[in-house]
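Peer 1: For reference, the structure I am asking about is given below.
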Amino acid sequence: MRKKLSILKPYVNYAVIDNEFAEDVSYLSVPSELDLKSLKADVQMGAVQFSELDRLLVKENEPKYILITTNNLEQGYLAVTYLAAGFNRKHGIAWGPGQDACPDGTQTKITEWNESPAAVPIIMERELSRFSSDGNNYDIFATSNFFMQGNQKGMLHTPYWMKCTHNSVCIVSTEYGLFGFGGGSGDVFADKHGIELGLKHFRGNDKVYILRINHMMQDYGCNPGEDGNEDCDDYEDCIVDSSRAKWNFLVLSLSADEVSVYLKNDMEKKYYKLLFQGNFAAKCISVKKGLSYERLVNIVVAMDEENKCELIENIVKYAVKDWKSANERPIENRDFDFIDRFCRTYRSHPDRRRKKQRTAAERMMQELVGLEDVKRQVLNVVNVMKYNRIRERMGISGSCYHNVHVMLGAPGTAKTTVAQLMGQIMVEEHLLPDNRFACVNGAELKGMYVGHSAPKTKALFEDNDIIVIDEAYSLVGDHGDNDSFAKEAIAQLIIELENHSTDKLIIFAGYGGKKVNEKNNKMKDFLDANPGIKSRITSTIYFDSYSPDEMVQILFRIAENNQYCLDEDIREMLRSYFQKRMKDDNFGNGREARSLLETAVVYTAERVLAQKKKAYTRAEMQTIVYGDIEKAIAQSEYALSVQNACQISGAIGFTAS
């Protein structure tokens with residue numbers, strides 16, 4: 001499959017006819033390499049909004065008038081370009097590089113307009129509504145007062161497009177009201193017949209493309225009945241809006257074919273990614289592994305700009321504007337940091353009617369049980385970064401802040417979850433470029449052979465924005481003793497901390513803290529043995545173990561998230577169980593709540609299926625009763641007693657017995 005789309009944006013060119021009227025001309029250049037095969041390949045790649053076009057190109061009885069209904073002018077121009085090139089190829093028309101080579105977006109002077117299969121003139125429909133039935137002069141009585149007050153000599157001038165009698169033309173109708181179709185005299189009948197006469201002026205032309213730009217794309221018609229049949233039996237129930245009625249008249253009177261080009265929300269992101277990839281390929285720009293296309297397309301979707309193809313091209317141009325050459329180096333995420341300033345337009349975009357999502361900060365505050373001091377510290381870190389970012393923009397020196405932290409606490413206290421949410425908060429506040437997350441065990445940074453650890457560590461930082469190194473002390477031996485593999489990884493780790501302490505979130509997590517005895521305070525040993533790492537850490541966040549009441553709340557929260565219902569009288573039994581469990585050195589905190597619930601589900605399934613019903617109610621499949629939890633607690637206590645007897649520490653839960 002090809003690496004890029006055949007056409008990345010419509011080539012709209014501008015010219016001025018050098019005469020006393022200085023008449024403006026806009027036209028679409030038709031690339032000579034486009035054909036039906038190109039169209040089908042692009043649709044297959046992801047440009048599915050153009051999937052209706054190929055049926056027109058393969059029709060034996062070709063249409064002369066083609067109505068293209070679209071919600072975006074740029075996409076409409078692309079549709080015309082595909083069709084014009086396809087029909088040229090079908091007819092065996094060859095055209096040279098002259099029009100292809102026209103500088104896109106520039107305005108040139110010409111002495112007169114010469115028709116060409118490689119150039120499709122663009123004519124606004126309001127111009128058609130102003131010319132009379134004799135095909136020569138404007139009917140000033142069918143126009144608004146705005147036009148009647150115009151220069152009479154200019155109004156009697158014959159426009160250049162009236163001399164276009166052979167090749168294709170493109171008529172554009174934007175349905176905004178004032179200058180849209182029907183926005184002239186106010187007489188709908190006169191307006192319909194006026195533009196019909198204008199369109200019939202081109203009956204000798206090869207093709208007449210009519211772009212109907214309807215930003216709502218909501219045409220009303222017969223609704224399917226209860227039986228699903230779309231045929232309407234009662235014509236009195238049919239509703240056709242006035243805008244659609246005008247086009248119905250033209251389609252029927254001109255025997256026009258009609259297609260829809262609609263870039264829907266569920267397909268636009270894939271299409272925009274293809275446009276980015278195509279622009280990179282067209283400019284011979286290599287791409288660094290880990291480039292976040294998701295970040296780029298999300299911002300493109302958010303930005304209040306209709307011409308997305310041109311927008312994407314301009315973003316890529318801006319990203320490399322200071323490069324000496326296109327192949328200077330692979331393009332990467334930091335090259336697009338400049339577009340973060342546009343992110344805020346997403347929240348105020350008038351066309352986005354999406355359900356409001358809770359922010360990461362709201363989820364942290366509302367969903368995490370307890371951890372109030374941890375939440376406060378996380379928000380304080382975010383505030384310091386925002387504060388320093390404002391200072392930096394003001395040019396105030398001394399605003400550097402190392403986004404490197406340590407999270408200490410017992411297992412199961414939600415350190416990884418908090419780290420993820422902390423990173424997401426920073427992404428939403430535009431303090432991080434993206435939310436690519438990785439959590440690795442410290443031992444995973446050690447390579448399999450000498451020289452392998454450094455690139456492995458470097459790749460971790462290249463490919464991610466939020467990096468959690470869990471059980472960081474496993475990178476080294478007891479009391480911070482380092483082997484050659486660990487030394488190599490730590491040396492590279494210190495380099496990455498120096499290079500990325502401001503553009504990434506880096507967290508060292510593990511067992512340790514104020515309430516841990518000196519013998520088991522492994523994180524302290526790790527940090528004391530590595531002053532290069534310790535000196536780059538900005539803050540330390542402590543995670544206390546959960547209280548019995550918090551453990552009960554966590555278990556109920558997990559059950560709710562998994563659509564289980566628990567009786568309220570279970571709470572006291574759970575509280576007593578967790579109060580006893582907390583005295584064990586191997587208490588797993590939140591993990592024990594999940595493990596206990598999973599064990600209870602085993603007994604719930606046993607109880608429900610023992611009824612051997614043909615059908616079960618929804619309530620039966622969701623309810624966990626007192627007895628299920630009671631059996632789960634008994635099973636867990638038995639498993640723990642076996643483990644303790646064998647001096648095995650590990651996870652608890654259901655085990656075969």
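Labels for the structure tokens follow display order: chains A, B, ..., residues from 1 in each chain, ligands from 1.
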Write out as a list in words the residues lying within 8 Å of Arg536 of chain A, counting only C-alpha atoms and excluding same-chain residues fewer than 6 positions away.
Peer 2: His402, Val404, Leu497 and Glu498 of chain A
Peer 1: Would you write out those residues with C-alpha atoms, as an mmCIF file, in the first residue's frame?
Peer 2:
```
data_model
loop_
_atom_site.group_PDB
_atom_site.id
_atom_site.type_symbol
_atom_site.label_atom_id
_atom_site.label_comp_id
_atom_site.auth_asym_id
_atom_site.auth_seq_id
_atom_site.Cartn_x
_atom_site.Cartn_y
_atom_site.Cartn_z
ATOM 1 C CA HIS A 402 12.693 19.510 38.023
ATOM 2 C CA VAL A 404 11.253 14.346 39.310
ATOM 3 C CA LEU A 497 17.121 13.022 34.278
ATOM 4 C CA GLU A 498 19.330 15.932 33.313
#
```
Peer 1: Give me the residues near Ser545 of chain A as a ChimeraX atom specification, where near means some atom within 10 Å (using only C-alpha atoms) and where sequence neighbours in that chain fewer than 3 positions away do not count.
Peer 2: /A:370-371,409-414,515,542,548,550-551,582,587-590
Peer 1: Just write the chosen residues, C-alpha atoms, as a JSON list (two decimals), in the first residue's frame.
Peer 2:
```
[["chain", "number", "residue", "atom", "x", "y", "z"],
["A", 370, "GLY", "CA", -8.47, 8.61, 51.39],
["A", 371, "LEU", "CA", -4.96, 9.84, 50.48],
["A", 409, "GLY", "CA", 4.64, 3.69, 50.79],
["A", 410, "ALA", "CA", 3.55, 0.14, 51.37],
["A", 411, "PRO", "CA", 2.38, -2.02, 48.44],
["A", 412, "GLY", "CA", -1.20, -1.48, 47.28],
["A", 413, "THR", "CA", -1.47, 2.18, 48.34],
["A", 414, "ALA", "CA", -2.29, 3.42, 44.78],
["A", 515, "LYS", "CA", 6.93, 4.46, 59.23],
["A", 542, "TYR", "CA", 4.34, 9.57, 51.33],
["A", 548, "PRO", "CA", -10.12, -0.38, 58.02],
["A", 550, "GLU", "CA", -11.09, 3.08, 53.93],
["A", 551, "MET", "CA", -10.49, -0.56, 52.99],
["A", 582, "MET", "CA", -3.58, -4.56, 59.09],
["A", 587, "PHE", "CA", -0.80, -6.47, 54.51],
["A", 588, "GLY", "CA", -1.42, -5.58, 50.85],
["A", 589, "ASN", "CA", -3.69, -2.52, 51.31],
["A", 590, "GLY", "CA", -5.94, -1.90, 48.30]]
```
Peer 1: Quick one: distance from atom CA of Trp161 of chain A to atom CA of Val251 of chain A in Å, one decimal?
Peer 2: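 Going from atom CA of Trp161 of chain A over to atom CA of Val251 of chain A covers 22.0 Å.
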Peer 1: Here is a test: counting only C-alpha atoms, which residue of A:Leu291, A:Leu574, A:Val58, A:Val374 is nearest to Asp463 of chain A?
Peer 2: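 Checking each candidate against Asp463 of chain A, we get A:Leu291 as the closest.
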Peer 1: For Leu39 of chain A, work out the shell of residues within 12 Å, counting only C-alpha atoms and skipping chain neighbours fewer than 2 positions away, then give it as a PyMOL selection string.
Peer 2: chain A and resi 5-7+33-37+41-57+78-87
Peer 1: Which residue out of A:Thr111, A:Ser501, A:Asn562, A:Asn314 has the minimum interatomic distance to Val16 of chain A when only C-alpha atoms are used?
Peer 2: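 With only C-alpha atoms as the atom set, the closest residue is A:Thr111.
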Peer 1: Using only C-alpha atoms, which of A:Asn333, A:Ser636, A:Ser253, A:Ser260 sits nearest Lys288 of chain A?
Peer 2: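 Closest residue, counting only C-alpha atoms: A:Asn333.
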Peer 1: Name the residues in contact with segment 483-489 of chain A at a cut-off of 12 Å, using only C-alpha atoms, excluding same-chain residues fewer than 3 positions from it; report them as a ChimeraX atom specification.
Peer 2: /A:442-460,472-478,480,492-496,526,529-530,532-533
Peer 1: Quick one: residues within 12 Å of Lys109 of chain A, only C-alpha atoms counted, chain neighbours fewer than 3 positions away excluded, as a PyMOL selection string?
Peer 2: chain A and resi 13-19+22-26+106+112-113
Peer 1: So that I can see what lies close to Leu8 of chain A, please list as number ranges by chain the residues with an atom at most 8 Å from it, counting only C-alpha atoms and leaving out residues fewer than 6 positions away in the same chain.
Peer 2: A: 275, 278-279, 309
Peer 1: Kindly indicate which residue among A:Ile68, A:Val602, A:Met621, A:Ile339 lies nearest to Arg295 of chain A, using only C-alpha atoms for the distances.
Peer 2: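 Ranking A:Ile68, A:Val602, A:Met621, A:Ile339 by distance to Arg295 of chain A, first place goes to A:Ile339.
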